[in-house]
>>> print(open('query15.cif').read())   # mmCIF, C-alpha atoms
data_start
#
loop_
_atom_site.label_atom_id
_atom_site.label_comp_id
_atom_site.auth_asym_id
_atom_site.auth_seq_id
_atom_site.Cartn_x
_atom_site.Cartn_y
_atom_site.Cartn_z
CA MET A 1 0.00 0.00 0.00
CA THR A 2 1.08 3.59 -0.57
CA ALA A 3 1.41 6.28 2.10
CA PRO A 4 -1.30 6.19 4.78
CA VAL A 5 -4.46 8.16 4.15
CA ARG A 6 -4.91 10.85 6.76
CA THR A 7 -8.38 12.23 7.34
CA ALA A 8 -9.54 15.24 9.30
CA ARG A 9 -11.21 12.87 11.76
CA GLY A 10 -9.70 9.89 13.52
CA SER A 11 -11.23 6.46 14.07
CA GLU A 12 -12.92 7.21 17.38
CA GLU A 13 -14.45 10.43 16.10
CA LEU A 14 -15.69 8.79 12.89
CA ILE A 15 -17.28 5.94 14.85
CA ARG A 16 -19.02 8.44 17.13
CA ALA A 17 -20.18 10.44 14.11
CA GLU A 18 -22.00 7.40 12.69
CA GLU A 19 -24.19 6.92 15.76
CA PRO A 20 -26.77 9.70 15.22
CA VAL A 21 -27.00 9.42 11.42
CA LEU A 22 -26.77 5.70 10.57
CA ALA A 23 -29.48 3.16 11.34
CA HIS A 24 -28.10 0.74 13.92
CA ASN A 25 -28.56 -2.46 11.93
CA TYR A 26 -24.89 -3.47 12.29
CA HIS A 27 -22.45 -3.79 15.16
CA PRO A 28 -19.06 -3.50 13.43
CA LEU A 29 -15.72 -4.04 15.07
CA PRO A 30 -14.29 -0.65 16.10
CA VAL A 31 -11.88 -0.30 13.17
CA VAL A 32 -12.26 2.35 10.43
CA VAL A 33 -10.75 1.11 7.18
CA ALA A 34 -9.42 3.71 4.77
CA ARG A 35 -7.26 1.73 2.32
CA ALA A 36 -6.74 -1.87 1.30
CA ASP A 37 -4.56 -4.01 -0.94
CA GLY A 38 -4.54 -7.79 -1.33
CA ALA A 39 -5.14 -9.39 2.05
CA TRP A 40 -4.33 -6.24 4.04
CA VAL A 41 -6.34 -3.21 5.11
CA GLU A 42 -5.27 0.03 6.76
CA ASP A 43 -7.21 2.27 9.11
CA VAL A 44 -7.33 6.06 9.08
CA GLU A 45 -4.38 6.26 11.47
CA GLY A 46 -2.25 4.04 9.23
CA ARG A 47 -2.44 0.85 11.30
CA ARG A 48 -2.40 -2.32 9.18
CA TYR A 49 -4.55 -5.41 9.66
CA LEU A 50 -4.63 -8.81 7.97
CA ASP A 51 -8.17 -9.32 6.65
CA MET A 52 -9.25 -12.83 7.61
CA LEU A 53 -12.91 -12.28 6.74
CA ALA A 54 -12.75 -11.06 3.12
CA GLY A 55 -16.18 -9.46 3.21
CA TYR A 56 -17.87 -12.80 3.99
CA SER A 57 -16.31 -14.16 0.75
CA ALA A 58 -17.13 -11.07 -1.33
CA LEU A 59 -13.37 -10.45 -1.50
CA ASN A 60 -12.24 -13.93 -2.52
CA PHE A 61 -9.67 -12.37 -4.84
CA GLY A 62 -8.42 -9.88 -2.27
CA HIS A 63 -8.83 -6.15 -2.12
CA ARG A 64 -8.36 -4.33 -5.43
CA HIS A 65 -7.18 -7.28 -7.50
CA PRO A 66 -5.35 -5.68 -10.47
CA ALA A 67 -7.28 -7.57 -13.17
CA LEU A 68 -10.62 -6.65 -11.62
CA ILE A 69 -9.69 -3.01 -11.08
CA GLU A 70 -8.48 -2.78 -14.67
CA ALA A 71 -11.72 -4.27 -15.99
CA ALA A 72 -13.76 -1.77 -13.94
CA HIS A 73 -11.64 1.20 -15.07
CA ARG A 74 -11.95 0.20 -18.72
CA GLN A 75 -15.71 -0.09 -18.46
CA LEU A 76 -16.12 3.14 -16.48
CA ASP A 77 -14.66 4.98 -19.45
CA ARG A 78 -17.22 3.46 -21.84
CA LEU A 79 -20.62 2.68 -20.33
CA THR A 80 -21.96 1.91 -16.87
CA LEU A 81 -25.75 1.52 -17.09
CA THR A 82 -28.46 1.09 -19.69
CA SER A 83 -31.13 -0.70 -17.61
CA ARG A 84 -32.55 -3.83 -19.22
CA ALA A 85 -34.74 -1.63 -21.43
CA PHE A 86 -31.87 -1.92 -23.93
CA HIS A 87 -29.19 -4.50 -24.65
CA ASN A 88 -25.58 -3.77 -23.72
CA ASP A 89 -22.43 -5.14 -25.32
CA ARG A 90 -21.06 -6.80 -22.15
CA LEU A 91 -23.96 -8.90 -20.92
CA ALA A 92 -23.95 -11.72 -23.49
CA GLY A 93 -20.26 -12.47 -22.92
CA PHE A 94 -20.70 -12.47 -19.16
CA ALA A 95 -23.64 -14.88 -19.32
CA GLU A 96 -21.83 -17.18 -21.76
CA ARG A 97 -18.70 -17.38 -19.60
CA LEU A 98 -20.60 -17.79 -16.31
CA SER A 99 -22.88 -20.54 -17.65
CA ALA A 100 -19.84 -22.38 -19.04
CA LEU A 101 -17.96 -22.06 -15.73
CA THR A 102 -20.90 -23.43 -13.74
CA GLY A 103 -22.03 -26.01 -16.29
CA THR A 104 -25.49 -24.48 -16.62
CA ASP A 105 -27.68 -23.34 -19.51
CA MET A 106 -28.96 -19.91 -18.53
CA VAL A 107 -28.18 -16.94 -16.31
CA LEU A 108 -30.53 -14.53 -14.53
CA PRO A 109 -28.35 -11.55 -13.46
CA MET A 110 -29.21 -9.62 -10.33
CA ASN A 111 -27.28 -7.47 -7.83
CA THR A 112 -27.24 -8.69 -4.22
CA GLY A 113 -27.26 -12.16 -2.73
CA ALA A 114 -30.68 -11.62 -1.20
CA GLU A 115 -32.01 -10.68 -4.65
CA ALA A 116 -30.59 -13.92 -6.05
CA VAL A 117 -32.39 -15.89 -3.32
CA GLU A 118 -35.67 -14.03 -3.88
CA SER A 119 -35.30 -14.63 -7.62
CA GLY A 120 -34.63 -18.32 -7.04
CA ILE A 121 -37.78 -18.59 -4.94
CA LYS A 122 -39.87 -16.93 -7.66
CA VAL A 123 -38.40 -19.13 -10.37
CA ALA A 124 -39.02 -22.30 -8.34
CA ARG A 125 -42.64 -21.37 -7.69
CA LYS A 126 -43.25 -20.44 -11.35
CA TRP A 127 -41.71 -23.74 -12.45
CA ALA A 128 -43.92 -25.63 -9.98
CA TYR A 129 -47.07 -24.09 -11.46
CA ASP A 130 -46.11 -24.10 -15.14
CA VAL A 131 -44.16 -27.37 -15.38
CA LYS A 132 -44.92 -29.56 -12.37
CA GLY A 133 -48.60 -28.64 -12.25
CA VAL A 134 -48.91 -27.67 -8.59
CA PRO A 135 -52.31 -25.99 -7.98
CA ALA A 136 -52.19 -22.18 -7.90
CA ASP A 137 -50.75 -20.65 -4.73
CA ARG A 138 -50.06 -24.06 -3.17
CA ALA A 139 -46.33 -24.41 -3.94
CA THR A 140 -44.02 -25.02 -0.98
CA ILE A 141 -40.26 -24.82 -0.56
CA VAL A 142 -38.36 -26.93 1.97
CA VAL A 143 -35.45 -25.22 3.74
CA ALA A 144 -33.01 -26.10 6.52
CA ALA A 145 -32.94 -24.84 10.09
CA ASP A 146 -30.09 -22.46 10.97
CA ASN A 147 -30.04 -21.23 7.39
CA PHE A 148 -28.90 -17.81 6.32
CA HIS A 149 -30.13 -16.70 2.91
CA GLY A 150 -30.52 -12.96 3.52
CA ARG A 151 -32.72 -10.57 5.46
CA THR A 152 -35.64 -9.59 3.22
CA THR A 153 -39.11 -10.14 4.68
CA THR A 154 -39.69 -13.30 2.64
CA ILE A 155 -36.29 -14.77 3.55
CA VAL A 156 -36.58 -14.10 7.28
CA SER A 157 -39.97 -15.80 7.11
CA PHE A 158 -38.11 -19.12 6.97
CA SER A 159 -35.20 -18.19 9.23
CA THR A 160 -34.82 -19.85 12.63
CA ASP A 161 -32.78 -16.92 13.96
CA GLU A 162 -35.12 -14.91 16.17
CA THR A 163 -32.86 -11.84 15.93
CA ALA A 164 -33.54 -11.78 12.20
CA ARG A 165 -37.28 -12.49 12.60
CA ALA A 166 -38.53 -10.71 15.69
CA GLY A 167 -40.59 -7.65 14.90
CA PHE A 168 -40.82 -8.23 11.14
CA GLY A 169 -44.03 -10.28 10.76
CA PRO A 170 -46.46 -11.14 9.33
CA PHE A 171 -44.37 -13.73 7.56
CA THR A 172 -44.60 -15.13 4.05
CA PRO A 173 -46.16 -18.61 3.96
CA GLY A 174 -45.12 -21.51 1.77
CA PHE A 175 -41.98 -22.79 3.52
CA LYS A 176 -41.25 -25.95 5.52
CA ILE A 177 -38.24 -26.02 7.83
CA VAL A 178 -36.37 -29.26 8.55
CA PRO A 179 -33.10 -29.94 10.40
CA TYR A 180 -29.95 -29.48 8.33
CA ASN A 181 -28.03 -32.64 7.42
CA ASP A 182 -31.08 -34.86 8.02
CA LEU A 183 -32.19 -36.69 4.89
CA ALA A 184 -34.98 -38.56 6.66
CA ALA A 185 -36.59 -35.32 7.86
CA LEU A 186 -36.20 -33.84 4.40
CA GLU A 187 -37.86 -36.80 2.74
CA ALA A 188 -40.77 -36.62 5.19
CA ALA A 189 -41.32 -32.93 4.37
CA VAL A 190 -41.36 -33.29 0.57
CA ASP A 191 -44.76 -33.89 -1.02
CA GLY A 192 -46.68 -33.16 -4.19
CA THR A 193 -46.73 -29.41 -3.49
CA THR A 194 -42.94 -29.14 -3.13
CA ALA A 195 -41.45 -26.81 -5.71
CA ALA A 196 -37.88 -26.98 -4.42
CA VAL A 197 -35.47 -27.83 -1.66
CA LEU A 198 -33.35 -24.74 -0.94
CA ILE A 199 -30.19 -25.29 1.08
CA GLU A 200 -26.66 -24.01 1.56
CA PRO A 201 -24.10 -26.73 0.74
CA ILE A 202 -22.22 -25.36 3.75
CA GLN A 203 -24.01 -23.15 6.27
CA GLY A 204 -21.77 -20.10 6.67
CA GLU A 205 -23.53 -17.83 9.14
CA ALA A 206 -24.36 -20.79 11.35
CA GLY A 207 -20.65 -21.37 11.93
CA VAL A 208 -19.43 -23.07 8.72
CA ASN A 209 -21.58 -26.15 9.27
CA ILE A 210 -20.45 -28.89 6.89
CA PRO A 211 -22.90 -31.73 6.24
CA ASP A 212 -22.00 -35.40 6.38
CA ASP A 213 -20.51 -36.99 3.28
CA GLY A 214 -23.35 -38.09 1.05
CA TYR A 215 -25.87 -35.52 2.27
CA LEU A 216 -25.76 -33.35 -0.84
CA ALA A 217 -25.88 -36.39 -3.11
CA GLY A 218 -28.84 -37.59 -1.05
CA VAL A 219 -30.63 -34.26 -1.51
CA ARG A 220 -30.05 -34.50 -5.25
CA GLU A 221 -31.42 -38.04 -5.46
CA LEU A 222 -34.39 -37.26 -3.22
CA THR A 223 -35.43 -34.21 -5.23
CA ARG A 224 -35.02 -36.11 -8.47
CA ARG A 225 -37.30 -38.90 -7.23
CA ALA A 226 -39.85 -36.42 -5.85
CA GLY A 227 -39.94 -34.37 -9.03
CA CYS A 228 -38.91 -31.09 -7.41
CA LEU A 229 -35.94 -28.76 -7.79
CA PHE A 230 -32.67 -28.72 -5.87
CA VAL A 231 -31.68 -25.07 -5.37
CA ALA A 232 -28.17 -24.61 -3.92
CA ASP A 233 -27.32 -21.29 -2.27
CA GLU A 234 -23.61 -20.92 -3.10
CA ILE A 235 -23.46 -17.19 -2.37
CA GLN A 236 -20.79 -17.68 0.32
CA SER A 237 -19.54 -21.17 -0.47
CA GLY A 238 -19.16 -20.76 -4.22
CA LEU A 239 -16.57 -19.31 -6.60
CA GLY A 240 -13.45 -20.94 -5.25
CA ARG A 241 -13.86 -20.66 -1.49
CA THR A 242 -13.93 -24.40 -0.71
CA GLY A 243 -11.38 -25.59 -3.28
CA HIS A 244 -13.87 -26.10 -6.11
CA THR A 245 -15.73 -23.56 -8.21
CA LEU A 246 -18.90 -24.68 -6.39
CA ALA A 247 -19.08 -26.47 -3.04
CA VAL A 248 -21.53 -29.04 -4.44
CA GLU A 249 -18.66 -30.33 -6.59
CA HIS A 250 -17.19 -32.01 -3.49
CA GLU A 251 -19.92 -34.62 -4.02
CA SER A 252 -20.11 -34.29 -7.83
CA VAL A 253 -23.66 -32.96 -7.46
CA VAL A 254 -25.39 -30.87 -10.13
CA PRO A 255 -28.35 -28.86 -8.72
CA ASP A 256 -31.17 -27.59 -10.92
CA VAL A 257 -30.49 -24.01 -9.80
CA VAL A 258 -27.45 -22.37 -8.19
CA LEU A 259 -27.52 -18.99 -6.47
CA LEU A 260 -24.34 -16.89 -6.75
CA GLY A 261 -23.25 -13.52 -5.37
CA LYS A 262 -20.61 -11.92 -3.17
CA ALA A 263 -17.34 -12.90 -4.93
CA LEU A 264 -19.02 -12.56 -8.34
CA GLY A 265 -18.63 -8.78 -7.99
CA GLY A 266 -14.94 -9.02 -7.14
CA GLY A 267 -15.37 -6.72 -4.14
CA ILE A 268 -16.03 -3.83 -6.54
CA VAL A 269 -19.72 -3.81 -7.40
CA PRO A 270 -22.68 -5.91 -6.22
CA VAL A 271 -23.22 -8.75 -8.70
CA SER A 272 -25.37 -11.83 -8.18
CA ALA A 273 -26.93 -14.40 -10.45
CA VAL A 274 -29.30 -17.32 -10.61
CA VAL A 275 -27.89 -19.98 -12.92
CA GLY A 276 -29.61 -23.18 -13.94
CA SER A 277 -31.18 -25.33 -16.57
CA ARG A 278 -33.15 -23.93 -19.48
CA GLU A 279 -36.20 -25.92 -18.37
CA VAL A 280 -36.27 -23.98 -15.10
CA LEU A 281 -35.11 -20.47 -15.97
CA GLY A 282 -37.03 -20.63 -19.22
CA VAL A 283 -40.31 -20.27 -17.30
CA LEU A 284 -39.74 -16.51 -16.94
CA HIS A 285 -41.25 -14.16 -19.50
CA PRO A 286 -40.92 -10.38 -19.99
CA GLY A 287 -42.49 -8.38 -17.18
CA GLU A 288 -42.54 -11.23 -14.65
CA HIS A 289 -39.22 -10.37 -13.01
CA GLY A 290 -36.49 -7.78 -13.38
CA SER A 291 -33.97 -5.34 -11.99
CA THR A 292 -32.91 -1.92 -13.28
CA PHE A 293 -29.27 -2.57 -12.35
CA GLY A 294 -29.22 -6.35 -12.89
CA GLY A 295 -26.77 -7.20 -15.67
CA ASN A 296 -25.54 -3.62 -16.02
CA PRO A 297 -22.42 -3.17 -18.20
CA LEU A 298 -20.10 -2.36 -15.29
CA ALA A 299 -21.27 -5.41 -13.34
CA ALA A 300 -20.98 -7.60 -16.45
CA ALA A 301 -17.43 -6.38 -17.12
CA VAL A 302 -16.29 -7.05 -13.56
CA GLY A 303 -18.19 -10.35 -13.42
CA THR A 304 -16.53 -11.49 -16.64
CA ALA A 305 -13.11 -10.68 -15.18
CA VAL A 306 -14.01 -12.72 -12.06
CA VAL A 307 -14.99 -15.68 -14.24
CA GLU A 308 -11.71 -15.36 -16.15
CA LEU A 309 -9.77 -15.65 -12.88
CA LEU A 310 -11.70 -18.77 -11.91
CA GLU A 311 -11.32 -20.36 -15.34
CA THR A 312 -7.59 -20.76 -14.67
CA GLY A 313 -8.24 -22.98 -11.63
CA GLU A 314 -5.54 -21.09 -9.70
CA PHE A 315 -7.82 -19.89 -6.94
CA GLN A 316 -9.51 -23.24 -6.45
CA ARG A 317 -6.02 -24.78 -6.07
CA ARG A 318 -4.97 -22.09 -3.63
CA ALA A 319 -8.04 -22.69 -1.48
CA THR A 320 -7.22 -26.40 -1.36
CA GLU A 321 -3.52 -25.97 -0.59
CA LEU A 322 -3.93 -23.13 1.90
CA GLY A 323 -6.89 -24.94 3.44
CA ALA A 324 -4.46 -27.67 4.49
CA VAL A 325 -2.33 -25.00 6.21
CA LEU A 326 -5.43 -23.64 7.93
CA ARG A 327 -6.54 -27.05 9.21
CA GLU A 328 -3.05 -27.91 10.41
CA GLY A 329 -2.86 -24.67 12.40
CA LEU A 330 -6.31 -25.13 13.91
CA ASP A 331 -5.60 -28.77 14.79
CA ALA A 332 -2.66 -27.55 16.87
CA LEU A 333 -4.97 -25.21 18.82
CA VAL A 334 -7.59 -27.80 19.77
CA GLY A 335 -7.37 -28.15 23.53
CA ARG A 336 -5.43 -24.89 23.73
CA GLY A 337 -8.33 -22.45 23.62
CA VAL A 338 -10.14 -24.05 20.68
CA VAL A 339 -12.70 -26.74 21.51
CA GLY A 340 -13.43 -27.66 17.90
CA PHE A 341 -13.60 -26.39 14.35
CA ARG A 342 -15.09 -27.14 10.94
CA ALA A 343 -13.14 -26.33 7.78
CA ARG A 344 -13.41 -26.83 4.06
CA GLY A 345 -11.00 -25.17 1.68
CA LEU A 346 -10.02 -21.75 2.98
CA TRP A 347 -13.04 -21.42 5.25
CA ALA A 348 -13.44 -22.37 8.90
CA GLY A 349 -15.78 -21.96 11.84
CA VAL A 350 -13.76 -22.04 15.07
CA ASP A 351 -15.39 -22.79 18.42
CA VAL A 352 -13.48 -21.02 21.17
CA ASP A 353 -13.64 -22.18 24.78
CA PRO A 354 -16.49 -20.06 26.21
CA ALA A 355 -14.42 -19.54 29.36
CA LEU A 356 -12.06 -17.41 27.25
CA GLY A 357 -14.78 -15.09 25.99
CA THR A 358 -17.50 -14.69 23.41
CA GLY A 359 -16.76 -14.71 19.71
CA ARG A 360 -17.12 -10.94 19.74
CA GLU A 361 -14.59 -10.54 22.53
CA VAL A 362 -12.08 -12.81 20.80
CA SER A 363 -12.59 -10.86 17.55
CA GLU A 364 -11.85 -7.60 19.35
CA ARG A 365 -8.68 -9.03 20.89
CA LEU A 366 -7.52 -10.22 17.47
CA MET A 367 -8.27 -6.78 16.02
CA ARG A 368 -6.01 -5.18 18.62
CA GLU A 369 -3.27 -7.57 17.46
CA GLY A 370 -3.75 -6.67 13.79
CA VAL A 371 -5.99 -9.51 12.57
CA LEU A 372 -9.62 -9.02 11.49
CA VAL A 373 -12.18 -11.81 11.90
CA LYS A 374 -15.88 -11.83 12.77
CA ASP A 375 -17.92 -13.81 15.23
CA THR A 376 -21.06 -15.77 14.38
CA HIS A 377 -22.94 -17.06 17.42
CA GLY A 378 -21.81 -17.64 20.98
CA SER A 379 -18.06 -18.25 21.13
CA THR A 380 -17.63 -19.14 17.45
CA ILE A 381 -15.52 -17.08 15.04
CA ARG A 382 -15.22 -17.57 11.30
CA LEU A 383 -12.08 -17.45 9.20
CA ALA A 384 -12.40 -16.76 5.48
CA PRO A 385 -9.30 -14.90 4.25
CA PRO A 386 -8.90 -13.82 0.63
CA LEU A 387 -7.75 -16.66 -1.61
CA THR A 388 -4.73 -14.45 -2.36
CA VAL A 389 -3.41 -14.75 1.21
CA THR A 390 0.01 -16.38 1.50
CA ALA A 391 0.86 -19.40 3.64
CA GLU A 392 3.16 -17.17 5.70
CA GLU A 393 0.37 -14.65 6.31
CA LEU A 394 -2.03 -17.43 7.22
CA ARG A 395 0.40 -18.97 9.69
CA GLY A 396 0.97 -15.52 11.15
CA ALA A 397 -2.76 -15.07 11.73
CA LEU A 398 -3.02 -18.49 13.36
CA GLY A 399 -0.07 -17.58 15.55
CA THR A 400 -1.90 -14.44 16.60
CA LEU A 401 -4.99 -16.49 17.41
CA GLU A 402 -2.83 -18.77 19.55
CA LYS A 403 -1.40 -15.75 21.37
CA VAL A 404 -4.86 -14.31 22.02
CA LEU A 405 -6.21 -17.62 23.33
CA THR A 406 -3.24 -18.69 25.44
CA SER A 407 -1.70 -15.51 26.83
#
>>> encode(input="query15.cif", output="structure tokens")
Amino acid sequence: MTAPVRTARGSEELIRAEEPVLAHNYHPLPVVVARADGAWVEDVEGRRYLDMLAGYSALNFGHRHPALIEAAHRQLDRLTLTSRAFHNDRLAGFAERLSALTGTDMVLPMNTGAEAVESGIKVARKWAYDVKGVPADRATIVVAADNFHGRTTTIVSFSTDETARAGFGPFTPGFKIVPYNDLAALEAAVDGTTAAVLIEPIQGEAGVNIPDDGYLAGVRELTRRAGCLFVADEIQSGLGRTGHTLAVEHESVVPDVVLLGKALGGGIVPVSAVVGSREVLGVLHPGEHGSTFGGNPLAAAVGTAVVELLETGEFQRRATELGAVLREGLDALVGRGVVGFRARGLWAGVDVDPALGTGREVSERLMREGVLVKDTHGSTIRLAPPLTVTAEELRGALGTLEKVLTS
């Protein structure tokens, strides 16, 4: 990074200034980031921190990856927005490359992850009525407990997190909730009205919950037999994070619909997409769904550059190789402040001994030592560094975690 950015106001003053003017829907760590490069960020006073969260996987390729910044700059000089009232010269190429990368037929471009989930729900219901023949307004979707798919009113309707739900009813009907990683419960919930089973291949917000081997393959087989869709929410788990382009590839599973977001925008612009078979996405017709910014030229240019990075396989390999370093370091901490962890690729949920503090308290201690992570629930923290992090940087962060937990 270049010389530190100095502002007229320091971190403490800027944090205080937010209080009266920003809605209090977040509780950030008390660090004010002013610059970033690769796996490192810098606050307004010039202090440097290793970013071990990567924007919940939105920054899989690190901060300001040169290829992504160059793609954005080039497009900014040409065209940024047309709306979908007109065609633009970047969208076709983006859709072609993304569908090829994911092995799907069609792409529905949107902006945020929550929009991708909402779009997936609409598509599944439309498919159920038009193709499966479910009676009007009777379609149901089966989801898993402890899910996190976003915070819109429809999505929180099938959340089991009371913090996300309380005070936001009445809730949208049409969802059945079953335990995660329980094929018997899932099979019992599926019936003739089921449009889709919507799950995360790995539950991120719940603490990087990884299902048993065979669970995803079981979901695929069950939905195939029942004649309903398998919709995989890969917004956090997808695009290289777990060592494959998609997390479902760990079991060689091909869902009917995949939801993508976060890393698809390269940490530059919000980009999300629903990708799937022509039979499913082909149920949409003009006027039934849309987005003014969905598929805009700037998003398509950046998204294409993201796909180009993933086409090389480099980042999937890095997640696999560095994931081994991550697991080795966490194994050494079990019994020394860590009571357990779950990891796949370069992604881990770490359960800290509650006697040593909450996840929030541990995150604050790490911040003071120059490492940024974020808690989930209780005494669990999550680690999801950029896929550009080095083994040395990763070992340094694990060493800092050891110091925080054992000193």
>>> residues_near_point(input="query15.cif", point="(-38.7, -16.0, -2.3)", cutoff="12 Å", atoms="only C-alpha atoms", output="PDB file with C-alpha atoms, keeping the file's coordinate frame")
ATOM      1  CA  ALA A 114     -30.680 -11.620  -1.200  1.00  0.00           C
ATOM      2  CA  GLU A 115     -32.010 -10.680  -4.650  1.00  0.00           C
ATOM      3  CA  ALA A 116     -30.590 -13.920  -6.050  1.00  0.00           C
ATOM      4  CA  VAL A 117     -32.390 -15.890  -3.320  1.00  0.00           C
ATOM      5  CA  GLU A 118     -35.670 -14.030  -3.880  1.00  0.00           C
ATOM      6  CA  SER A 119     -35.300 -14.630  -7.620  1.00  0.00           C
ATOM      7  CA  GLY A 120     -34.630 -18.320  -7.040  1.00  0.00           C
ATOM      8  CA  ILE A 121     -37.780 -18.590  -4.940  1.00  0.00           C
ATOM      9  CA  LYS A 122     -39.870 -16.930  -7.660  1.00  0.00           C
ATOM     10  CA  VAL A 123     -38.400 -19.130 -10.370  1.00  0.00           C
ATOM     11  CA  ALA A 124     -39.020 -22.300  -8.340  1.00  0.00           C
ATOM     12  CA  ARG A 125     -42.640 -21.370  -7.690  1.00  0.00           C
ATOM     13  CA  LYS A 126     -43.250 -20.440 -11.350  1.00  0.00           C
ATOM     14  CA  ALA A 139     -46.330 -24.410  -3.940  1.00  0.00           C
ATOM     15  CA  THR A 140     -44.020 -25.020  -0.980  1.00  0.00           C
ATOM     16  CA  ILE A 141     -40.260 -24.820  -0.560  1.00  0.00           C
ATOM     17  CA  VAL A 142     -38.360 -26.930   1.970  1.00  0.00           C
ATOM     18  CA  VAL A 143     -35.450 -25.220   3.740  1.00  0.00           C
ATOM     19  CA  HIS A 149     -30.130 -16.700   2.910  1.00  0.00           C
ATOM     20  CA  GLY A 150     -30.520 -12.960   3.520  1.00  0.00           C
ATOM     21  CA  ARG A 151     -32.720 -10.570   5.460  1.00  0.00           C
ATOM     22  CA  THR A 152     -35.640  -9.590   3.220  1.00  0.00           C
ATOM     23  CA  THR A 153     -39.110 -10.140   4.680  1.00  0.00           C
ATOM     24  CA  THR A 154     -39.690 -13.300   2.640  1.00  0.00           C
ATOM     25  CA  ILE A 155     -36.290 -14.770   3.550  1.00  0.00           C
ATOM     26  CA  VAL A 156     -36.580 -14.100   7.280  1.00  0.00           C
ATOM     27  CA  SER A 157     -39.970 -15.800   7.110  1.00  0.00           C
ATOM     28  CA  PHE A 158     -38.110 -19.120   6.970  1.00  0.00           C
ATOM     29  CA  PHE A 171     -44.370 -13.730   7.560  1.00  0.00           C
ATOM     30  CA  THR A 172     -44.600 -15.130   4.050  1.00  0.00           C
ATOM     31  CA  PRO A 173     -46.160 -18.610   3.960  1.00  0.00           C
ATOM     32  CA  GLY A 174     -45.120 -21.510   1.770  1.00  0.00           C
ATOM     33  CA  PHE A 175     -41.980 -22.790   3.520  1.00  0.00           C
ATOM     34  CA  ALA A 195     -41.450 -26.810  -5.710  1.00  0.00           C
ATOM     35  CA  ALA A 196     -37.880 -26.980  -4.420  1.00  0.00           C
ATOM     36  CA  LEU A 198     -33.350 -24.740  -0.940  1.00  0.00           C
ATOM     37  CA  VAL A 231     -31.680 -25.070  -5.370  1.00  0.00           C
TER      38      VAL A 231
END
>>> closest_atom_pairs(input="query15.cif", of="segment 159-266 of chain A", to="segment 279-297 of chain A", cutoff="9 Å", atoms="only C-alpha atoms", output="CSV")
residue,atom,partner,partner_atom,distance
A:Leu229,CA,A:Val280,CA,8.7
A:Asp256,CA,A:Val280,CA,7.5
A:Val257,CA,A:Val280,CA,7.8
>>> closest_residue(input="query15.cif", among="A:Asn147, A:Thr312, A:Thr388, A:Thr358", to="Lys374 of chain A", atoms="all atoms listed in the file")
A:Thr358
>>> resolve_selection(input="query15.cif", expression="the PyMOL selection byres ((chain A and resi 62) around 8)", output="compact mmCIF listing (two decimals) with C-alpha atoms, in the frame of the given file")
# COMPACT_ATOMS: atom_id res chain seq x y z
CA ASP A 37 -4.56 -4.01 -0.94
CA GLY A 38 -4.54 -7.79 -1.33
CA ALA A 39 -5.14 -9.39 2.05
CA ALA A 54 -12.75 -11.06 3.12
CA LEU A 59 -13.37 -10.45 -1.50
CA ASN A 60 -12.24 -13.93 -2.52
CA PHE A 61 -9.67 -12.37 -4.84
CA HIS A 63 -8.83 -6.15 -2.12
CA ARG A 64 -8.36 -4.33 -5.43
CA HIS A 65 -7.18 -7.28 -7.50
CA GLY A 267 -15.37 -6.72 -4.14
CA PRO A 386 -8.90 -13.82 0.63
CA LEU A 387 -7.75 -16.66 -1.61
CA THR A 388 -4.73 -14.45 -2.36
CA VAL A 389 -3.41 -14.75 1.21
>>> atom_distance(input="query15.cif", atom1="atom CA of Ile268 of chain A", atom2="atom CA of Ser57 of chain A")
12.6 Å
